[in-house]
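Chemist: I have a structure here, written as structure tokens, and I will follow up with some questions on it.
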Number of protein chains: 2
Amino acid sequence: MSEKRTEIDQLGEFGLIEHLTKNVKLQHKSTLKGIGDDAAVLAINENEVQLVSTDTMIEGVHFNLMYTPLKHLGYKLVATNVSDICAMNGTAEQITVSIAVSNRFPIEALEELYDGIKAACSVYKVDLIGGDTTSSLSGLMLSVTVLGRAKKEDVTYRNGAKEHDLVVVSGDLGGAYMGLQVLEREKEVFNANPNIQPDLDGHDYIMERQLKPEARVDVIQFLKELDVVPTSMIDISDGLASELMHICSQGKVGCRVYDEKIPIDGKTSMTAIDFNLDPITCALNGGEDYELLFTVKQADFDKIKGNPHMTVIGHITDASEGLYYVDKNGSMVELQAQGWNHFDKD
Amino acid sequence: MSEKRTEIDQLGEFGLIEHLTKNVKLQHKSTLKGIGDDAAVLAINENEVQLVSTDTMIEGVHFNLMYTPLKHLGYKLVATNVSDICAMNGTAEQITVSIAVSNRFPIEALEELYDGIKAACSVYKVDLIGGDTTSSLSGLMLSVTVLGRAKKEDVTYRNGAKEHDLVVVSGDLGGAYMGLQVLEREKEVFNANPNIQPDLDGHDYIMERQLKPEARVDVIQFLKELDVVPTSMIDISDGLASELMHICSQGKVGCRVYDEKIPIDGKTSMTAIDFNLDPITCALNGGEDYELLFTVKQADFDKIKGNPHMTVIGHITDASEGLYYVDKNGSMVELQAQGWNHFDKD
């Protein structure tokens, strides 16, 4: 090992993988897209491409088993990976799951985890085709690769947004983040006094958003039925602001989004206010909603307007105009990514 | 979690994954083979299938960084996964690598790891198409998915061995295991007295077998050139005995192998004897050689005899005749799997 020592958190999660893989050369003409989007894209036949995405979840970093039921964790593991295939405008078909687990876990715990995995596989029509289970020295680590397909002409990359395109999000935002805040608060209360029962009443919606998110396969289906192929797409795992920055930097464009347009469920807003947080900030920076962020041509506006599952929140501008959201008073605020960076937490 | 608690090591690594995935239903007709072979097999076009395999390596379980250079580890990670595609008689084309790493590691360490990964990708002509890097609370965990292709008529499963087929292994066996013994011995010496330099002289071959194994892509190429499609195949990661048992149980056959035929390099034998170990036992039960074990029809014998990369070590029998090796004295000894079981080590 060389003498120099540069700490990992100097680069952050995205910077690190970019740094490590910057010189990667692709040798197969079947590899249409490698690292850098929600999934890699491989040529497989005349009409379709294969989509491949991989993801890892680590106990204590990505989930806390104190308040995450293992069945929910298994479900979420599959759903969040299916979401990556949705973000390419494709359909997930197969999944492999690698589990490393310490002997702190009995077989019954792994059965619960697998119950969740199998339930999600059934809901999303995904075949579990590979399973590697090994021991770890501590904790639970889950690694997944999901395979999907899309018609060649449907594949949607992060980099296709053009000036004047509309910026659209599915569902509503910030709920998963507020669910996490409630769970963390109740964990603190419990740690201080284990006799107090957790108070999760009235928080079902945001709790489910955090513990059992769904991949928006329905939105991909709606888009197909509406004959809309987005110009760019990404799933919202790290927060709207962070994902908008990916879409804009990869497309070399700017954007304006309007905070009054950002869809936030009433329960999310109320909980945010309870916590003295601005709901808009939670929607912009809270992660793990697994909604889709995409751009469409203006000509497609009529097809999607009024659709209860999709909201136009702004438009794409020339890169020189920067990335801004416009608040209720008409003030322009520059977008800052404050999404999750797991390396900061160490 | 239910009240019952069954310890993981009651089932072992293979038993556990079999138990957890026994009810998995496949829903896509494109999924030709799911869990249970070296790789899953997916239909992708008229002539070819896609092969998918996944594998995880955990610090302290699968590797020890005290004597494993990170560059070698990266190389081995790719090579051992390519080996799984070889074991299906296919060609690896793409790979995804997920890394979970604690902040004990500086960026320079990850660069070394990636140097090894990239070197192997170049040697094996594999495209690195996905990389997920996340933080772990402790240690280094590596998870890989490799994708490959094979012509439909070439795909070789574990379960195709028939009575009278010949049992063949590539290369030589036991070297990686003896390399590990030397490394472990020197580690003990070093721990007892850090001033004593490790004595690895003369152990280059077995050291390389352990630290930098190669996938036998050359053997797959030879088989193509010789126009031999094996009737069954598996790669030797857990030891010859264990892999023979997979081939026989999946093919519902028995086998006879002859210990004087088992290929063992002279350096492996000498080191085994130094350690008061029987070289044959090391070859039968030592893991991580990543050679190929396969069966061919008797009619193909002329094509492979005399090939320096392949050795016929026995033949397949009816299941009722059991699994035996025949020692130098002609005694029949029943095969027992004593391969690696990482769960035993906890």
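Labels for the structure tokens follow display order: chains A, B, ..., residues from 1 in each chain, ligands from 1.
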Set the distance at 10 Å and use only C-alpha atoms: which residues neighbour A:Pro263 once local chain neighbours fewer than 2 positions away are removed? I'd like the list as a PyMOL selection string.
Modeler: chain A and resi 169-174+259-261+265-266+280+283+310-313
Chemist: Using the chain letters and numbers from this document, which residues of stretch 96-313 of chain B does DSSP assign to strand (DSSP E), as a PyMOL selection string?
Modeler: chain B and resi 96-101+127-135+140-151+166-170+232-235+253-258+292-296+310-313
Chemist: B:His28, B:Ser98, B:His19, B:Val167: which is nearest B:Gly130, counting only C-alpha atoms?
Modeler: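 The closest residue to B:Gly130 is B:Ser98.
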Chemist: Mind pulling up the distance from atom CA of B:Leu292 to atom CA of B:Asp218?
Modeler: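 Atom CA of B:Leu292 lies at a distance of 10.9 Å from atom CA of B:Asp218.
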Chemist: By how many Å are atom CA of B:Gly116 and atom CA of B:Lys76 apart?
Modeler: 8.0 Å
Chemist: Identify, on the basis of only C-alpha atoms, every residue whose closest approach to stretch 53-57 of chain B does not exceed 8 Å; exclude the query and any residue fewer than 6 positions from it along the same chain; express the result as a list in words.
Modeler: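 The filter keeps Thr96, Ser98, Ala100, Gly130, Gly131, Asp132 and Thr134 of chain A; Asp38, Ala39, Ala40, Phe63, Leu77, Asn81, Asp84, Ile85, Met141, Leu142, Ser143, Val144, Thr145, Val146 and Leu147 of chain B.
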Chemist: May I have the residues within 7 Å of B:Asp154 as a ChimeraX atom specification, using only C-alpha atoms and disregarding those fewer than 2 positions away in the same chain?
Modeler: /B:89,150-152,156,229
Chemist: Looking at A:Val155, A:Ile35, A:Val101, A:Ile316, which one is nearest to A:Lys22, with distances taken over only C-alpha atoms?
Modeler: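 Closest to A:Lys22, using only C-alpha atoms: A:Ile35.
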Chemist: Have a look at atom CA of B:Gln181 and atom CA of B:Phe275 and let me know their distance in Å, one decimal.
Modeler: 8.4 Å
Chemist: Considering only C-alpha atoms, return as a count of residues only whatever protein or nucleic-acid residues lie within 12 Å of A:Asp201, sequence-local ones (same chain, fewer than 3 positions apart) excluded.
Modeler: 12
Chemist: Find the residue from A:Lys328, A:His72, A:His309, A:His315 that sits nearest to A:Glu208; use only C-alpha atoms when measuring.
Modeler: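 Among the listed residues, A:His72 lies closest to A:Glu208.
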